Amino acid sequence: MTIERRIQITTVVLVLFVLAAISTLFWSSRQVEHGIKRVETTSQVVRGAFMLKTLMDDYLDHGSERVLRQWDKLNKTLGQLLDYEVISESIERPLLEDLKKVYRSVNYLYPRVAEMRASIDQNQDLKTKKMLTNLMSLQLEQLVIAANNLSEATQLLTLNRRYFVQQLIVALGISAVLIILINIYLIRKSVVRPLKLLSIGVDRIGTGNFDRVTEIRSDDEVGKLSQAFDTMVARLGERDTALTKARDELELRVEERTAELTLANERLILEIEERKRAEEGITAERQRLYDVLETLPVYVCLLDSDYRMPFANRYFRETFAEPLGRRCHDFLFNLTVPCEICETYTVMKTREPHHWYWTGPNGRNYDIYDFPFFEADGSMLILEMGIDITDRRRAEQDLRESEERFRGIFEQGQLGVEILGLNGQFEMTNPMFQQLLGYSQGEVAKLTFEDVTHPDDLETEYELNQRLLREEMPYFELDKRYIRKDGRVTWANLTKSLLRDQDGTPTSFLSMIQDINERKKMEELLRRRAEELARSNEDLQQFAYVASHDLQEPLRNVASCLQLLEKKYKNNLDAKADQLIHYAVESSVRMKALIQDLLAYSRVVTKGSPPQRVDCEQILDQTVKNLRSAISESGAVIIHDPLPTVLADDAQLSQVFQNLIGNGIKFRREEHPQIHVSAVKNNKEWIFSVKDNGIGIESRHLHRIFMIFQRLHKRSQYGGTGIGLAIVKKVVERHHGRVWAESQFGNGTTFYFTIPEKGTRT
Amino acid sequence: VKIRILLAASFVAGLVLLTACDSPKSKVSSDGPVETLTLGTSAIVLSSLIWVAKAKGYFVEQHLDIDFRLYESGHLAIRDLLAGKLDLATATEFSAVRNGLERADFRIISILTQTQDQQLVARKDRGITKLSDLRNKRVGLVQNTSSEYYLHLLLILEKMKSEDIQVVDLLPLEQVTALTKGDIDAVMVWEPFATMAKQELGSNAVSWEGQSGQDEYWLLLTTAGVIEKKSRTLRRFLAALTKAEDFIKNNEIEAIGLMEKQLERRNLAAVWRNNRFGLGLHRPLILKMEAELEWVKSGPGTGQSDIPDLNDFVYSGALNSVEPTKIKLLH
């Protein structure tokens, strides 16, 4: 069959298929459309049934005539829908019949229910009414269910048809794809594949192969084309064979000549490569030698007979200058003629190596070696090598000077020095050490350190020596007792360390000894005096306490007797006697107050508690409560900033606040007292301040306000004994703090006191 | 090679599309060991779903071994169900209202059949041509059954009172005999006795549909205890009934033949159309049972009391797992 015929047949099949597909889809869509219309109608029926039920419920509840009219109208509409042609075509006929039956039952029941509802006021039997109402509700519910069943069945039918249409579209699509693929396959088989074979045949001819034919054996248009092509190829093959033979002969000749040329060329290349390798070896060796000379930390140079320098290594160039073809005296010493004495050129005369020392133009010292050096042409040069020995010489000089200084210190110093072997034997001592112990140098050399150490100090020194050897410390100090040659004991301060060799291994002990006999005597004296002072202070405290405590009893008796005397004999004696008795009573009362204050003052030390962490804000609050009657009476205002927590005796700290705030209230002006308490941190202590707006203190009195029983005013102006600020000072000092005041007379006073941040032992 | 790949890809794509268009349907697994159930039911058309499922082997397919026990009346089956002798029972909703609701563990699983087979059959020669002619007549029925309830409703609709007629308590067959003899003037009776009465009277018979348009429901019943122990078995039982329902819907003639064979009766086709066979649970059932319960409680010798919520006696779990679309309780 020809290709043209095939295309005609395929086209007809495709057209027929498309027509069939369009017809089927049209029919199916009509079915679905019809189903959707039925679904809409049945949905209306469901809505109608439901509304009938709702209206009837409303009517039964309220008995409205309007509702009943609506019910009638809707009922008729529903009846028309049930007779509608679309529904009657439903394949779910039993459901439709069921719905119609329920509808008829409802309409049978309706007039009776309406009549019953209308007669509701006529005392009709309640049971009867209830039964009718229930029956109506049930019928309408059945109507809704029946309508819903029909609607669902119709929806299901429509959905099934739509599903069928979907499947049909998919099947048609797949069929169309298959037909197209089959067509493609047939076109490929009958047209594309033969054309590809022809193309391959043409390519093969292009490469000169005329042996094979295209092997297409069809009877269509492409088959005929293939046969003609094969005939053409056969003729071309014959002509190609003749041409190939002539070309082969020519190529044979060319190959022979080419082989000869290739052999000669290879030999030449080998020779060139060998030479190149030899030159590279020489160059590398020369470079290595040059690098050695350049790297040497000494200078190396060559000098010719004309004082020029054909070679100088990097060290020379960097140390002196680049020769640049100039003569040595020119670029080294800036001379136009050679040096008067030039030891280098001795070699030119002697032709022997020469060694000498030279100080260069840079001021450094060199150890010079000159050698005769002969060029390949026999001419003579001088090879000179210079080693910089400046640092070495300087170190040697420093060492000599250091040795001299050390020897001076050792021999003439005010400290005793000893070098002790690890076995305890004295290896070296200086005159001061020998003088301290009363031995000569020869005698000391025979002793060990145990021989001259007091037995009570030996154990300590042994242990410290061991710790030194274990490298637990670099050195140690020890106040120890030596035993002199004459048997007396002498105190000395010993500082001992280790001497080590180059590897760090200990070789001996080095000790410095200082005579401390005088210092020891002074320390003993100071210790004795401190003990006496403490004892005296304690006695004084005890005295104050005992005096104030024990004096209270007789004083109480004296005061009582005087008061009794005043009471009993007042106005019985003359006026002078009455006045004297009155003075005596007043004095006894004041003395009692003084003694009680003195007792309180002494108790700051004797009855104090150990310090503990106290919140100053709590202490201040307690203090304000204690002073509440005075505050209330005076109208005082107490304010405070945030206060810290400190380590202190809480009762005594409260006493400090109470005394200072109490003073602020007591020494007030006419206006209400205002007292401000604050605290700031300064390094490792808290500085508290209590500021008032009182009468103030004249600056000339500030130095004595903290003294015991010191008063600045008459007792008639301000009461009290003058103990308050003295107790404040005592408490603050017990806490290792300071107290002071700043004041402007007539314009308030600020008291400051400090408490250490972390506290100390009181 | 490219063409082959294209063909294969097209074929696979087609399969995928066809598969995607398919809609899955929920099924109850029938795997597992054989489980037993004791069922009390009656040899009547109303139990057609059960008898067809038995005849077609649907219970066996579901790995169920059913012990069938036959009862003359639904209330007897309910009595044994509540006594723990049965796992399942069948009865009318009226019987369930009258005998089952006293027990809190009584449960309704599903409707099996909806029917309107009760009829009022009367003798023309007693001057009865319309319902209002029943005044002062003797009407036979089985008392304490739905017949009594339906007759009461008919009287109300005809504006009569219970005292306007004389009720004679007779069993169904006794009613047919008494009516034929003329001892009574009419009967309110269900099939097949209604048809028997009409056949006996011949042209002298006149009849009316007796249920005033209401359906009567044939129910599948159980107890909460059985549900707790055998919920999976109940699901399988309902799955078998679903297959029977499909069979009856698609093969009605064959189903009637099966039932005639099963019940050893003929001419079932005449009464077959009065019934609609199918599982379900819906609002009308609850409404009707409430109406019946109110009627029962308002009767003589019964104290009026509150009507319980009958939804509490409905167990929809089994039906929901088999045919959820058949539950229409939320209306």
# chains A, B, ... in the order shown; residues from 1 in each chain; ligands from 1
call {"tool": "residues_around", "arguments": {"residues": "Ile156 (chain B)", "least_positions_apart": "2", "cutoff": "10 Å", "atoms": "only C-alpha atoms", "output": "list in words"}}
result
Arg112, Thr128, Lys129, Met131 and Leu132 of chain A; Tyr150, Leu151, His152, Leu153, Leu154, Glu158, Lys159, Met160, Lys161 and Ser162 of chain B
call {"tool": "residues_around", "arguments": {"residues": "region 47-55 of chain A", "least_positions_apart": "5", "cutoff": "8 Å", "atoms": "only C-alpha atoms", "output": "VMD selection string"}}
result
chain A and resid 67 to 68 70 to 71 74 to 75 78 137 140 to 141 143 to 144 147
call {"tool": "atom_distance", "arguments": {"atom1": "CA of Glu294 (chain B)", "atom2": "CA of Asn107 (chain A)"}}
result
24.2 Å
call {"tool": "interface_residues", "arguments": {"of": "chain A", "to": "chain B", "cutoff": "6 Å", "atoms": "only C-alpha atoms", "output": "NGL selection string"}}
result
:A and (105 or 134 or 138 or 141-142)
call {"tool": "select_by_dssp", "arguments": {"residues": "region 211-318 of chain B", "states": "strand (DSSP E)", "output": "ChimeraX atom specification"}}
result
/B:216-223,275-282
call {"tool": "write_last_selection", "arguments": {"atoms": "N, CA and C atoms", "output": "compact mmCIF listing (two decimals), in the first residue's frame"}}
result
# COMPACT_ATOMS: atom_id res chain seq x y z
N GLU B 216 -45.92 1.79 60.10
CA GLU B 216 -45.57 1.03 61.31
C GLU B 216 -44.16 0.47 61.07
N TYR B 217 -43.36 0.44 62.14
CA TYR B 217 -41.95 0.09 61.98
C TYR B 217 -41.67 -1.26 62.60
N TRP B 218 -40.96 -2.10 61.86
CA TRP B 218 -40.50 -3.40 62.35
C TRP B 218 -39.02 -3.19 62.70
N LEU B 219 -38.73 -3.36 64.00
CA LEU B 219 -37.43 -2.91 64.50
C LEU B 219 -36.52 -4.07 64.88
N LEU B 220 -35.22 -3.81 64.79
CA LEU B 220 -34.21 -4.73 65.32
C LEU B 220 -33.78 -4.18 66.68
N LEU B 221 -33.92 -5.01 67.73
CA LEU B 221 -33.74 -4.54 69.09
C LEU B 221 -32.64 -5.31 69.82
N THR B 222 -32.05 -4.69 70.82
CA THR B 222 -31.05 -5.40 71.64
C THR B 222 -30.97 -4.69 73.00
N THR B 223 -29.93 -5.02 73.76
CA THR B 223 -29.72 -4.37 75.05
C THR B 223 -28.31 -3.78 75.11
N ASN B 275 -45.02 -3.08 52.10
CA ASN B 275 -43.81 -2.99 52.93
C ASN B 275 -42.67 -2.30 52.18
N ARG B 276 -41.87 -1.60 52.93
CA ARG B 276 -40.61 -1.08 52.37
C ARG B 276 -39.48 -1.63 53.22
N PHE B 277 -38.65 -2.48 52.60
CA PHE B 277 -37.60 -3.15 53.34
C PHE B 277 -36.32 -2.30 53.28
N GLY B 278 -35.75 -2.04 54.40
CA GLY B 278 -34.50 -1.26 54.39
C GLY B 278 -34.12 -0.82 55.80
N LEU B 279 -32.81 -0.80 56.03
CA LEU B 279 -32.32 -0.36 57.33
C LEU B 279 -32.46 1.15 57.44
N GLY B 280 -32.53 1.67 58.66
CA GLY B 280 -32.59 3.11 58.82
C GLY B 280 -32.92 3.51 60.25
N LEU B 281 -32.63 4.74 60.54
CA LEU B 281 -33.03 5.35 61.82
C LEU B 281 -33.38 6.79 61.50
N HIS B 282 -34.62 7.21 61.79
CA HIS B 282 -34.98 8.58 61.43
C HIS B 282 -35.97 9.17 62.42
call {"tool": "closest_residue", "arguments": {"among": "B:Ser147, B:Thr36, B:Ser42, B:Gln199", "to": "Lys229 (chain B)", "atoms": "only C-alpha atoms"}}
result
B:Thr36
call {"tool": "closest_residue", "arguments": {"among": "A:Leu383, A:Ile697, A:Val222, A:Val298", "to": "Lys196 (chain A)", "atoms": "only C-alpha atoms"}}
result
A:Val222
call {"tool": "atom_distance", "arguments": {"atom1": "CA of Arg217 (chain A)", "atom2": "CA of Glu4 (chain A)"}}
result
17.8 Å
call {"tool": "atom_distance", "arguments": {"atom1": "CA of Asp211 (chain A)", "atom2": "CA of Arg193 (chain A)"}}
result
20.8 Å
call {"tool": "select_by_dssp", "arguments": {"residues": "region 600-652 of chain A", "states": "helix (DSSP H, G or I)", "output": "number ranges by chain"}}
result
A: 600-606, 616-626, 628-634, 650-652
call {"tool": "residues_around", "arguments": {"residues": "Ile165 (chain B)", "least_positions_apart": "6", "cutoff": "10 Å", "atoms": "only C-alpha atoms", "output": "list in words"}}
result
Leu134, Arg135, Asn136, Lys137, Arg138, Val139 and Leu155 of chain B
call {"tool": "write_last_selection", "arguments": {"atoms": "N, CA and C atoms", "output": "PDB file, in the first residue's frame"}}
result
ATOM      1  N   LEU B 134     -69.622   3.368  61.623  1.00  0.00           N
ATOM      2  CA  LEU B 134     -69.171   2.442  62.673  1.00  0.00           C
ATOM      3  C   LEU B 134     -69.835   2.742  64.031  1.00  0.00           C
ATOM      4  N   ARG B 135     -70.448   3.921  64.158  1.00  0.00           N
ATOM      5  CA  ARG B 135     -71.058   4.299  65.437  1.00  0.00           C
ATOM      6  C   ARG B 135     -72.014   3.200  65.901  1.00  0.00           C
ATOM      7  N   ASN B 136     -71.845   2.811  67.172  1.00  0.00           N
ATOM      8  CA  ASN B 136     -72.668   1.773  67.832  1.00  0.00           C
ATOM      9  C   ASN B 136     -72.467   0.374  67.241  1.00  0.00           C
ATOM     10  N   LYS B 137     -71.332   0.173  66.544  1.00  0.00           N
ATOM     11  CA  LYS B 137     -71.059  -1.150  65.978  1.00  0.00           C
ATOM     12  C   LYS B 137     -70.045  -1.869  66.839  1.00  0.00           C
ATOM     13  N   ARG B 138     -69.948  -3.235  66.639  1.00  0.00           N
ATOM     14  CA  ARG B 138     -68.985  -4.054  67.384  1.00  0.00           C
ATOM     15  C   ARG B 138     -67.741  -4.242  66.506  1.00  0.00           C
ATOM     16  N   VAL B 139     -66.610  -3.859  66.998  1.00  0.00           N
ATOM     17  CA  VAL B 139     -65.359  -3.927  66.215  1.00  0.00           C
ATOM     18  C   VAL B 139     -64.386  -4.850  66.943  1.00  0.00           C
ATOM     19  N   LEU B 155     -61.260   6.864  64.863  1.00  0.00           N
ATOM     20  CA  LEU B 155     -62.479   7.388  65.486  1.00  0.00           C
ATOM     21  C   LEU B 155     -62.376   8.895  65.679  1.00  0.00           C
TER      22      LEU B 155
END
call {"tool": "residues_around", "arguments": {"residues": "Asn423 (chain A)", "least_positions_apart": "2", "cutoff": "12 Å", "atoms": "only C-alpha atoms", "output": "VMD selection string"}}
result
chain A and resid 419 to 421 425 to 427 447 to 450 462 465 506 to 509
